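Q: Here you go, this is target07.cif (mmCIF, C-alpha atoms).
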data_entry
loop_
_atom_site.group_PDB
_atom_site.id
_atom_site.type_symbol
_atom_site.label_atom_id
_atom_site.label_comp_id
_atom_site.auth_asym_id
_atom_site.auth_seq_id
_atom_site.Cartn_x
_atom_site.Cartn_y
_atom_site.Cartn_z
ATOM 1 C CA MET F 1288 -24.625 57.039 -43.113
ATOM 2 C CA LEU F 1289 -27.470 54.582 -42.620
ATOM 3 C CA GLY F 1290 -26.027 52.330 -45.300
ATOM 4 C CA ILE F 1291 -22.652 52.207 -43.517
ATOM 5 C CA ILE F 1292 -24.346 51.277 -40.236
ATOM 6 C CA LEU F 1293 -26.324 48.515 -41.944
ATOM 7 C CA LYS F 1294 -23.159 47.147 -43.551
ATOM 8 C CA ILE F 1295 -21.389 47.106 -40.150
ATOM 9 C CA LEU F 1296 -24.355 45.331 -38.557
ATOM 10 C CA SER F 1297 -24.461 42.796 -41.380
ATOM 11 C CA VAL F 1298 -20.737 42.071 -40.961
ATOM 12 C CA LEU F 1299 -21.168 41.680 -37.190
ATOM 13 C CA GLY F 1300 -24.133 39.373 -37.765
ATOM 14 C CA ILE F 1301 -22.128 37.228 -40.158
ATOM 15 C CA LEU F 1302 -19.243 37.030 -37.676
ATOM 16 C CA LEU F 1303 -21.677 36.100 -34.904
ATOM 17 C CA LEU F 1304 -23.217 33.367 -37.058
ATOM 18 C CA ILE F 1305 -19.759 32.023 -37.886
ATOM 19 C CA LEU F 1306 -18.848 32.010 -34.193
ATOM 20 C CA LEU F 1307 -22.089 30.236 -33.285
ATOM 21 C CA GLY F 1308 -21.474 27.711 -36.069
ATOM 22 C CA ILE F 1309 -17.996 26.990 -34.736
ATOM 23 C CA LEU F 1310 -19.300 26.561 -31.191
ATOM 24 C CA PHE F 1311 -22.104 24.303 -32.399
ATOM 25 C CA SER F 1312 -19.638 22.193 -34.394
ATOM 26 C CA LEU F 1313 -17.383 21.861 -31.361
ATOM 27 C CA LEU F 1314 -20.374 20.819 -29.252
ATOM 28 C CA LEU F 1315 -21.317 18.145 -31.788
ATOM 29 C CA LEU F 1316 -17.732 16.883 -31.850
ATOM 30 C CA VAL F 1317 -17.605 16.651 -28.059
ATOM 31 C CA LEU F 1318 -20.953 14.843 -27.888
ATOM 32 C CA PHE F 1319 -20.691 12.456 -30.830
ATOM 33 C CA TYR F 1320 -17.000 11.916 -31.595
ATOM 34 C CA PRO F 1321 -15.855 8.951 -29.473
ATOM 35 C CA VAL F 1322 -12.943 8.972 -27.065
ATOM 36 C CA THR F 1323 -10.858 5.876 -27.808
ATOM 37 C CA TYR F 1324 -8.716 4.058 -25.283
ATOM 38 C CA LYS F 1325 -6.194 1.269 -25.559
ATOM 39 C CA ALA F 1326 -4.125 -0.529 -22.949
ATOM 40 C CA GLN F 1327 -1.646 -3.352 -23.326
ATOM 41 C CA GLY F 1328 0.997 -4.903 -21.176
ATOM 42 C CA GLU F 1329 3.017 -7.992 -20.371
ATOM 43 C CA LYS F 1330 4.603 -9.531 -17.296
ATOM 44 C CA ASN F 1331 7.052 -12.393 -17.102
ATOM 45 C CA CYS F 1332 9.798 -13.557 -14.796
ATOM 46 C CA ASN F 1333 12.306 -11.058 -16.185
ATOM 47 C CA SER F 1334 10.363 -7.845 -16.836
ATOM 48 C CA ALA F 1335 7.007 -6.102 -16.859
ATOM 49 C CA TRP F 1336 5.651 -3.250 -18.964
ATOM 50 C CA ILE F 1337 2.349 -1.471 -19.580
ATOM 51 C CA SER F 1338 1.212 1.129 -22.109
ATOM 52 C CA ILE F 1339 -2.021 3.168 -21.966
ATOM 53 C CA ARG F 1340 -3.340 5.558 -24.632
ATOM 54 C CA VAL F 1341 -6.455 7.749 -24.579
ATOM 55 C CA LYS F 1342 -7.142 9.732 -27.781
ATOM 56 C CA TRP F 1343 -9.823 12.037 -29.072
ATOM 57 C CA LEU F 1344 -10.263 13.519 -32.554
ATOM 58 C CA MET F 1345 -7.295 11.721 -34.149
ATOM 59 C CA GLY F 1346 -4.859 12.770 -31.455
ATOM 60 C CA LEU F 1347 -6.091 16.321 -30.941
ATOM 61 C CA PHE F 1348 -6.328 15.334 -27.283
ATOM 62 C CA LEU F 1349 -3.871 12.678 -26.144
ATOM 63 C CA MET F 1350 -3.173 11.134 -22.762
ATOM 64 C CA LYS F 1351 -0.522 8.451 -22.488
ATOM 65 C CA PHE F 1352 1.257 6.471 -19.815
ATOM 66 C CA ASP F 1353 4.158 4.075 -20.287
ATOM 67 C CA TYR F 1354 5.761 1.954 -17.592
ATOM 68 C CA PRO F 1355 8.625 1.531 -16.843
ATOM 69 C CA ASP F 1356 9.924 3.781 -19.640
ATOM 70 C CA PRO F 1357 9.530 6.663 -18.893
ATOM 71 C CA GLY F 1358 6.948 5.954 -16.166
ATOM 72 C CA LYS F 1359 5.167 9.318 -16.490
ATOM 73 C CA LEU F 1360 1.660 10.456 -17.327
ATOM 74 C CA THR F 1361 1.590 12.908 -20.247
ATOM 75 C CA VAL F 1362 -1.404 14.992 -21.406
ATOM 76 C CA LYS F 1363 -1.329 16.842 -24.737
ATOM 77 C CA LEU F 1364 -3.822 19.163 -26.438
ATOM 78 C CA LEU F 1365 -3.307 20.373 -30.013
ATOM 79 C CA TRP F 1366 0.038 18.558 -29.900
ATOM 80 C CA HIS F 1367 1.231 20.820 -27.069
ATOM 81 C CA THR F 1368 2.131 19.282 -23.739
ATOM 82 C CA LEU F 1369 -0.198 20.403 -20.944
ATOM 83 C CA TYR F 1370 0.914 18.164 -18.114
ATOM 84 C CA ILE F 1371 3.713 15.730 -17.298
ATOM 85 C CA SER F 1372 3.615 13.984 -13.937
ATOM 86 C CA GLY F 1373 6.674 14.423 -11.752
ATOM 87 C CA GLU F 1374 7.731 17.792 -13.186
ATOM 88 C CA GLY F 1375 7.879 20.978 -11.189
ATOM 89 C CA LYS F 1376 9.126 19.298 -8.003
ATOM 90 C CA LYS F 1377 12.133 20.991 -6.458
ATOM 91 C CA GLU F 1378 14.791 19.235 -4.460
ATOM 92 C CA PRO F 1379 15.184 20.432 -0.887
ATOM 93 C CA ASP F 1380 17.820 23.102 -0.361
ATOM 94 C CA LYS F 1381 20.586 21.538 1.707
ATOM 95 C CA GLU F 1382 22.096 24.897 2.650
ATOM 96 C CA SER F 1383 18.804 26.225 4.010
ATOM 97 C CA ASP F 1384 18.294 22.992 5.970
ATOM 98 C CA SER F 1385 21.745 23.303 7.534
ATOM 99 C CA GLU F 1386 21.079 26.946 8.459
ATOM 100 C CA GLN F 1387 17.774 26.000 10.072
ATOM 101 C CA ASN F 1388 19.494 23.244 12.063
ATOM 102 C CA GLU F 1389 22.129 25.722 13.260
ATOM 103 C CA ASP F 1390 19.426 28.222 14.306
ATOM 104 C CA LEU F 1391 17.592 25.489 16.203
ATOM 105 C CA SER F 1392 20.764 24.401 18.009
ATOM 106 C CA GLU F 1393 21.532 28.002 18.993
ATOM 107 C CA SER F 1394 17.998 28.586 20.267
ATOM 108 C CA ASN F 1395 18.149 25.345 22.300
ATOM 109 C CA HIS F 1396 21.485 26.438 23.767
ATOM 110 C CA ILE F 1397 20.015 29.812 24.764
ATOM 111 C CA THR F 1398 16.947 28.273 26.394
ATOM 112 C CA LYS F 1399 19.080 25.777 28.319
ATOM 113 C CA ALA F 1400 21.331 28.592 29.518
ATOM 114 C CA GLY F 1401 18.346 30.622 30.674
ATOM 115 C CA ASN F 1402 16.736 27.828 32.736
ATOM 116 C CA THR F 1403 18.884 28.239 35.898
ATOM 117 C CA PRO F 1404 17.443 27.186 39.255
ATOM 118 C CA VAL F 1405 16.477 30.038 41.646
ATOM 119 C CA SER F 1406 15.786 29.520 45.314
ATOM 120 C CA GLU F 1407 13.034 32.141 45.355
ATOM 121 C CA GLN F 1408 11.090 30.226 42.712
ATOM 122 C CA GLU F 1409 11.359 27.054 44.822
ATOM 123 C CA ASP F 1410 9.924 28.896 47.829
ATOM 124 C CA THR F 1411 6.951 30.208 45.891
ATOM 125 C CA ALA F 1412 6.334 26.738 44.419
ATOM 126 C CA ASN F 1413 6.311 25.198 47.909
ATOM 127 C CA ALA F 1414 3.848 27.838 49.083
ATOM 128 C CA ALA F 1415 1.594 27.138 46.121
ATOM 129 C CA ASN F 1416 1.691 23.410 46.915
ATOM 130 C CA VAL F 1417 0.661 24.089 50.513
ATOM 131 C CA SER F 1418 -2.298 26.196 49.368
ATOM 132 C CA GLU F 1419 -3.372 23.515 46.867
ATOM 133 C CA ASN F 1420 -3.320 20.878 49.611
ATOM 134 C CA ASP F 1421 -5.547 23.090 51.743
ATOM 135 C CA VAL F 1422 -8.032 23.447 48.902
ATOM 136 C CA ARG F 1423 -8.086 19.714 48.305
ATOM 137 C CA SER F 1424 -8.728 18.951 51.958
ATOM 138 C CA ALA F 1425 -11.594 21.464 51.941
ATOM 139 C CA ASN F 1426 -13.131 19.857 48.846
ATOM 140 C CA LYS F 1427 -13.026 16.405 50.479
ATOM 141 C CA SER F 1428 -15.241 17.681 53.250
ATOM 142 C CA VAL F 1429 -18.224 17.963 50.880
ATOM 143 C CA SER F 1430 -21.139 15.815 51.974
ATOM 144 C CA LYS F 1431 -21.486 12.334 50.446
ATOM 145 C CA GLU F 1432 -25.169 12.907 49.747
ATOM 146 C CA GLY F 1433 -24.467 15.745 47.300
ATOM 147 C CA PHE F 1434 -21.822 13.658 45.562
ATOM 148 C CA LEU F 1435 -24.138 10.680 45.147
ATOM 149 C CA ARG F 1436 -26.974 12.926 43.943
ATOM 150 C CA LYS F 1437 -24.794 14.348 41.174
ATOM 151 C CA LYS F 1438 -23.684 10.881 40.118
ATOM 152 C CA ILE F 1439 -27.277 9.622 39.929
ATOM 153 C CA GLU F 1440 -28.408 12.655 37.931
ATOM 154 C CA LYS F 1441 -25.531 12.139 35.508
ATOM 155 C CA ILE F 1442 -26.404 8.456 35.024
ATOM 156 C CA GLN F 1443 -30.078 9.307 34.455
ATOM 157 C CA TYR F 1444 -29.134 11.957 31.885
ATOM 158 C CA THR F 1445 -26.856 9.500 30.045
ATOM 159 C CA ILE F 1446 -29.543 6.803 29.984
ATOM 160 C CA SER F 1447 -32.149 9.237 28.640
ATOM 161 C CA ASN F 1448 -29.769 10.358 25.880
ATOM 162 C CA ILE F 1449 -29.065 6.759 24.875
ATOM 163 C CA TYR F 1450 -32.806 6.013 24.792
ATOM 164 C CA ASP F 1451 -33.468 9.060 22.598
ATOM 165 C CA LYS F 1452 -30.687 8.058 20.193
ATOM 166 C CA ILE F 1453 -31.957 4.481 19.905
ATOM 167 C CA LYS F 1454 -35.508 5.741 19.347
ATOM 168 C CA GLU F 1455 -34.342 8.148 16.622
ATOM 169 C CA ILE F 1456 -32.297 5.431 14.871
ATOM 170 C CA TRP F 1457 -35.226 3.004 14.964
ATOM 171 C CA GLU F 1458 -37.583 5.616 13.533
ATOM 172 C CA ASN F 1459 -35.118 6.364 10.712
ATOM 173 C CA ILE F 1460 -34.718 2.666 9.909
ATOM 174 C CA THR F 1461 -38.487 2.227 9.811
ATOM 175 C CA TYR F 1462 -38.972 5.273 7.600
ATOM 176 C CA TYR F 1463 -36.262 4.362 5.077
ATOM 177 C CA THR F 1464 -37.420 0.741 4.975
ATOM 178 C CA GLU F 1465 -40.948 1.862 4.094
ATOM 179 C CA LEU F 1466 -39.494 4.256 1.518
ATOM 180 C CA LEU F 1467 -37.571 1.429 -0.151
ATOM 181 C CA ARG F 1468 -40.714 -0.714 -0.208
ATOM 182 C CA ASP F 1469 -42.661 2.041 -1.920
ATOM 183 C CA GLU F 1470 -43.604 1.212 -5.498
ATOM 184 C CA GLU F 1471 -42.317 4.529 -6.807
ATOM 185 C CA THR F 1472 -38.906 3.940 -5.225
ATOM 186 C CA LYS F 1473 -38.721 0.435 -6.703
ATOM 187 C CA GLN F 1474 -39.428 1.811 -10.167
ATOM 188 C CA LEU F 1475 -36.751 4.473 -9.710
ATOM 189 C CA LEU F 1476 -34.143 1.918 -8.599
ATOM 190 C CA SER F 1477 -35.031 -0.295 -11.558
ATOM 191 C CA LEU F 1478 -34.523 2.672 -13.899
ATOM 192 C CA ILE F 1479 -31.164 3.539 -12.313
ATOM 193 C CA PHE F 1480 -29.869 -0.039 -12.573
ATOM 194 C CA SER F 1481 -30.987 -0.350 -16.201
ATOM 195 C CA LYS F 1482 -29.202 2.878 -17.155
ATOM 196 C CA LEU F 1483 -26.079 1.811 -15.278
ATOM 197 C CA ARG F 1484 -26.078 -1.464 -17.206
ATOM 198 C CA LYS F 1485 -26.328 0.436 -20.491
ATOM 199 C CA ILE F 1486 -23.472 2.743 -19.485
ATOM 200 C CA GLY F 1487 -21.404 -0.241 -18.379
ATOM 201 C CA ARG F 1488 -21.955 -2.059 -21.678
ATOM 202 C CA HIS F 1489 -20.972 1.111 -23.546
ATOM 203 C CA ILE F 1490 -17.777 1.629 -21.539
ATOM 204 C CA CYS F 1491 -16.710 -2.024 -21.661
ATOM 205 C CA PRO F 1492 -13.901 -2.824 -24.111
ATOM 206 C CA ARG F 1493 -14.826 -3.708 -27.672
ATOM 207 C CA HIS F 1494 -11.670 -5.795 -27.943
ATOM 208 C CA LEU F 1495 -10.237 -7.842 -25.094
ATOM 209 C CA ARG F 1496 -7.443 -10.388 -25.179
ATOM 210 C CA ALA F 1497 -5.633 -11.781 -22.154
ATOM 211 C CA ASP F 1498 -3.454 -14.817 -21.447
ATOM 212 C CA VAL F 1499 -2.659 -15.431 -17.787
ATOM 213 C CA LEU F 1500 -0.572 -18.055 -16.020
ATOM 214 C CA PHE F 1501 -1.227 -17.949 -12.279
ATOM 215 C CA GLY F 1502 -0.529 -19.902 -9.138
ATOM 216 C CA THR F 1503 -0.786 -19.056 -5.434
ATOM 217 C CA GLY F 1504 1.623 -21.719 -4.227
ATOM 218 C CA SER F 1505 -1.264 -23.614 -2.641
ATOM 219 C CA PRO F 1506 -3.273 -26.096 -4.736
ATOM 220 C CA ASP F 1507 -6.586 -25.423 -2.956
ATOM 221 C CA THR F 1508 -6.618 -21.605 -3.389
ATOM 222 C CA THR F 1509 -5.374 -21.987 -6.967
ATOM 223 C CA GLY F 1510 -8.252 -24.339 -7.608
ATOM 224 C CA TYR F 1511 -10.742 -21.847 -6.110
ATOM 225 C CA LEU F 1512 -9.473 -19.077 -8.403
ATOM 226 C CA PHE F 1513 -9.598 -21.359 -11.425
ATOM 227 C CA GLY F 1514 -13.188 -22.259 -10.501
ATOM 228 C CA ILE F 1515 -14.118 -18.549 -10.449
ATOM 229 C CA TYR F 1516 -12.548 -18.207 -13.902
ATOM 230 C CA GLY F 1517 -14.598 -21.180 -15.066
ATOM 231 C CA MET F 1518 -17.819 -19.476 -13.942
ATOM 232 C CA LEU F 1519 -16.879 -16.204 -15.681
ATOM 233 C CA SER F 1520 -15.435 -17.745 -18.859
ATOM 234 C CA PRO F 1521 -18.767 -17.876 -20.778
ATOM 235 C CA SER F 1522 -19.120 -14.088 -20.464
ATOM 236 C CA LEU F 1523 -15.409 -13.437 -21.081
ATOM 237 C CA GLY F 1524 -15.305 -15.479 -24.270
ATOM 238 C CA THR F 1525 -12.445 -17.375 -25.842
ATOM 239 C CA SER F 1526 -10.177 -14.323 -26.017
ATOM 240 C CA VAL F 1527 -9.407 -14.580 -22.281
ATOM 241 C CA THR F 1528 -7.517 -17.668 -21.184
ATOM 242 C CA ALA F 1529 -6.203 -18.566 -17.743
ATOM 243 C CA THR F 1530 -3.839 -21.445 -17.018
ATOM 244 C CA PRO F 1531 -3.383 -22.575 -13.404
ATOM 245 C CA ASP F 1532 -0.073 -23.685 -11.928
ATOM 246 C CA PHE F 1533 -0.697 -25.864 -8.865
ATOM 247 C CA THR F 1534 2.970 -26.225 -7.926
ATOM 248 C CA GLU F 1535 4.438 -22.703 -7.825
ATOM 249 C CA ARG F 1536 3.501 -19.180 -6.831
ATOM 250 C CA ILE F 1537 3.501 -17.320 -10.125
ATOM 251 C CA LEU F 1538 1.699 -14.588 -12.052
ATOM 252 C CA GLU F 1539 2.615 -14.050 -15.681
ATOM 253 C CA GLY F 1540 0.760 -13.074 -18.815
ATOM 254 C CA SER F 1541 -0.162 -10.399 -21.310
ATOM 255 C CA PHE F 1542 -3.249 -8.382 -22.159
ATOM 256 C CA ASN F 1543 -4.573 -6.089 -24.882
ATOM 257 C CA VAL F 1544 -7.696 -3.970 -24.307
ATOM 258 C CA SER F 1545 -9.308 -1.321 -26.499
ATOM 259 C CA GLY F 1546 -12.641 0.443 -26.769
ATOM 260 C CA HIS F 1547 -14.328 3.824 -27.053
ATOM 261 C CA ILE F 1548 -16.657 6.070 -25.062
ATOM 262 C CA THR F 1549 -19.174 8.505 -26.563
ATOM 263 C CA VAL F 1550 -20.230 11.423 -24.372
ATOM 264 C CA ILE F 1551 -23.758 11.602 -25.816
ATOM 265 C CA VAL F 1552 -24.532 8.066 -24.607
ATOM 266 C CA LEU F 1553 -23.425 8.877 -21.062
ATOM 267 C CA LEU F 1554 -25.297 12.188 -21.122
ATOM 268 C CA ILE F 1555 -28.595 10.754 -22.382
ATOM 269 C CA ASN F 1556 -28.694 7.911 -19.851
ATOM 270 C CA THR F 1557 -27.753 10.239 -16.999
ATOM 271 C CA LEU F 1558 -30.372 12.846 -17.934
ATOM 272 C CA LYS F 1559 -33.084 10.188 -18.155
ATOM 273 C CA VAL F 1560 -32.496 9.456 -14.483
ATOM 274 C CA LEU F 1561 -32.011 13.047 -13.305
ATOM 275 C CA LEU F 1562 -35.106 14.356 -15.101
ATOM 276 C CA ASP F 1563 -37.387 11.518 -14.009
ATOM 277 C CA LYS F 1564 -40.305 12.667 -11.845
ATOM 278 C CA LYS F 1565 -39.931 9.718 -9.504
ATOM 279 C CA LEU F 1566 -36.454 10.929 -8.537
ATOM 280 C CA MET F 1567 -37.861 14.350 -7.636
ATOM 281 C CA HIS F 1568 -40.552 12.756 -5.470
ATOM 282 C CA VAL F 1569 -38.052 10.566 -3.603
ATOM 283 C CA ILE F 1570 -35.741 13.528 -3.008
ATOM 284 C CA SER F 1571 -38.641 15.599 -1.653
ATOM 285 C CA LYS F 1572 -39.529 12.771 0.755
ATOM 286 C CA LEU F 1573 -35.932 12.596 1.976
ATOM 287 C CA LYS F 1574 -35.826 16.379 2.515
ATOM 288 C CA ALA F 1575 -39.149 16.287 4.393
ATOM 289 C CA ARG F 1576 -37.743 13.580 6.685
ATOM 290 C CA ARG F 1577 -34.617 15.609 7.464
ATOM 291 C CA LYS F 1578 -36.733 18.615 8.438
#
Let me see whether you can do it: turn the structure in this file into structure tokens.

A:
Amino acid sequence: MLGIILKILSVLGILLLILLGILFSLLLLVLFYPVTYKAQGEKNCNSAWISIRVKWLMGLFLMKFDYPDPGKLTVKLLWHTLYISGEGKKEPDKESDSEQNEDLSESNHITKAGNTPVSEQEDTANAANVSENDVRSANKSVSKEGFLRKKIEKIQYTISNIYDKIKEIWENITYYTELLRDEETKQLLSLIFSKLRKIGRHICPRHLRADVLFGTGSPDTTGYLFGIYGMLSPSLGTSVTATPDFTERILEGSFNVSGHITVIVLLINTLKVLLDKKLMHVISKLKARRK
């Protein structure tokens, strides 16, 4: 009996180890296997098209978008379609709309038929108007001193509220300015910007090619845009070219972009910021100020 129990426990242990191994392998795949993306498109005077692909694990996860054919976003997992944009929308039921319109017309007809003038109602309305006039004349007899006193008190209350708000805003500005000047906050901001730069360099395309012909129809604005391109061209490289047209308003060209994103890189850089002690100290200072 004991031997049977030990065999069952050994089998369960082996199954548990296999399950843990599978989960660990999936975790490693998610963290270290890159998600690749590719986008390309072209626009000319006759047509325009764009194609976007995002793949993971050799197409195990696939997201694609093609415009104008078919112009839908499709998401697939294990080669089974999970989502297609535009599906599941039902056209409005014309018969139900017509029935609702008929019901509304009938209800309007009934309400119009029921609103018949009655002389007794006019008499009561006139009496109510007479009583309201009496009340108004009695209210006008209130002394001017009481009226002016209430107005002055209201103005004083408004001025005091405005002063308190301005004082609170000034104190907050002073506090947050001193917090930004603190050496610990400066170090934290420097860390955040450095990690954002690393994430940005990782996300940026590994391959980029673009040829653009542009013109705004105005020579001066076209020249300004071409000057901006001239300032950015050293960082863009020779794979991105822009040709200005100073005579016409035009935008044509083609592009091809591809790259990959690894989750572990994003996770490590994010955790280095979240687990930094300086971030905890700054958050505690902000909470203390709110209290």

Q: Which residues fall under the PyMOL selection byres ((chain F and resi 1530) around 7) in this file, as a VMD selection string?

A: chain F and resid 1499 to 1501 1528 to 1529 1531 to 1532

Q: Starting from the PyMOL selection byres ((chain F and resi 1306-1316) around 12), expand the selection into actual residues of this file and give them as a ChimeraX atom specification.

A: /F:1299-1305,1317-1322,1343-1345,1347,1549-1551

Q: Dump C-alpha atoms for the selected residues as a PDB file, keeping the file's coordinate frame?

A:
ATOM      1  CA  LEU F1299     -21.168  41.680 -37.190  1.00  0.00           C
ATOM      2  CA  GLY F1300     -24.133  39.373 -37.765  1.00  0.00           C
ATOM      3  CA  ILE F1301     -22.128  37.228 -40.158  1.00  0.00           C
ATOM      4  CA  LEU F1302     -19.243  37.030 -37.676  1.00  0.00           C
ATOM      5  CA  LEU F1303     -21.677  36.100 -34.904  1.00  0.00           C
ATOM      6  CA  LEU F1304     -23.217  33.367 -37.058  1.00  0.00           C
ATOM      7  CA  ILE F1305     -19.759  32.023 -37.886  1.00  0.00           C
ATOM      8  CA  VAL F1317     -17.605  16.651 -28.059  1.00  0.00           C
ATOM      9  CA  LEU F1318     -20.953  14.843 -27.888  1.00  0.00           C
ATOM     10  CA  PHE F1319     -20.691  12.456 -30.830  1.00  0.00           C
ATOM     11  CA  TYR F1320     -17.000  11.916 -31.595  1.00  0.00           C
ATOM     12  CA  PRO F1321     -15.855   8.951 -29.473  1.00  0.00           C
ATOM     13  CA  VAL F1322     -12.943   8.972 -27.065  1.00  0.00           C
ATOM     14  CA  TRP F1343      -9.823  12.037 -29.072  1.00  0.00           C
ATOM     15  CA  LEU F1344     -10.263  13.519 -32.554  1.00  0.00           C
ATOM     16  CA  MET F1345      -7.295  11.721 -34.149  1.00  0.00           C
ATOM     17  CA  LEU F1347      -6.091  16.321 -30.941  1.00  0.00           C
ATOM     18  CA  THR F1549     -19.174   8.505 -26.563  1.00  0.00           C
ATOM     19  CA  VAL F1550     -20.230  11.423 -24.372  1.00  0.00           C
ATOM     20  CA  ILE F1551     -23.758  11.602 -25.816  1.00  0.00           C
TER      21      ILE F1551
END

Q: Using atom CA of Asn1448 of chain F and atom CA of Lys1574 of chain F as the two end points, give the distance in Å to one decimal.

A: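 Computed distance, atom CA of Asn1448 of chain F to atom CA of Lys1574 of chain F, equals 24.9 Å.
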
Q: Please, what distance in Å, to one decimal, runs between atom CA of Arg1340 of chain F and atom CA of Thr1557 of chain F?

A: 26.0 Å

Q: Report, in Å to a single decimal, how far apart atom CA of Lys1363 of chain F and atom CA of Phe1348 of chain F are.

A: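 Between these atoms lies a distance of 5.8 Å.
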
Q: Please evaluate the PyMOL selection byres ((chain F and resi 1489) around 10) against the structure above and give the resulting residues as number ranges by chain.

A: F: 1483-1488, 1490-1493, 1546-1549, 1552-1553

Q: Which of these, F:Leu1435, F:Ile1292, F:Arg1576, F:Phe1533, has the shortest distance to Leu1512 of chain F once you count all atoms listed in the file?

A: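 Looking only at the distances to Leu1512 of chain F, the closest residue turns out to be F:Phe1533.
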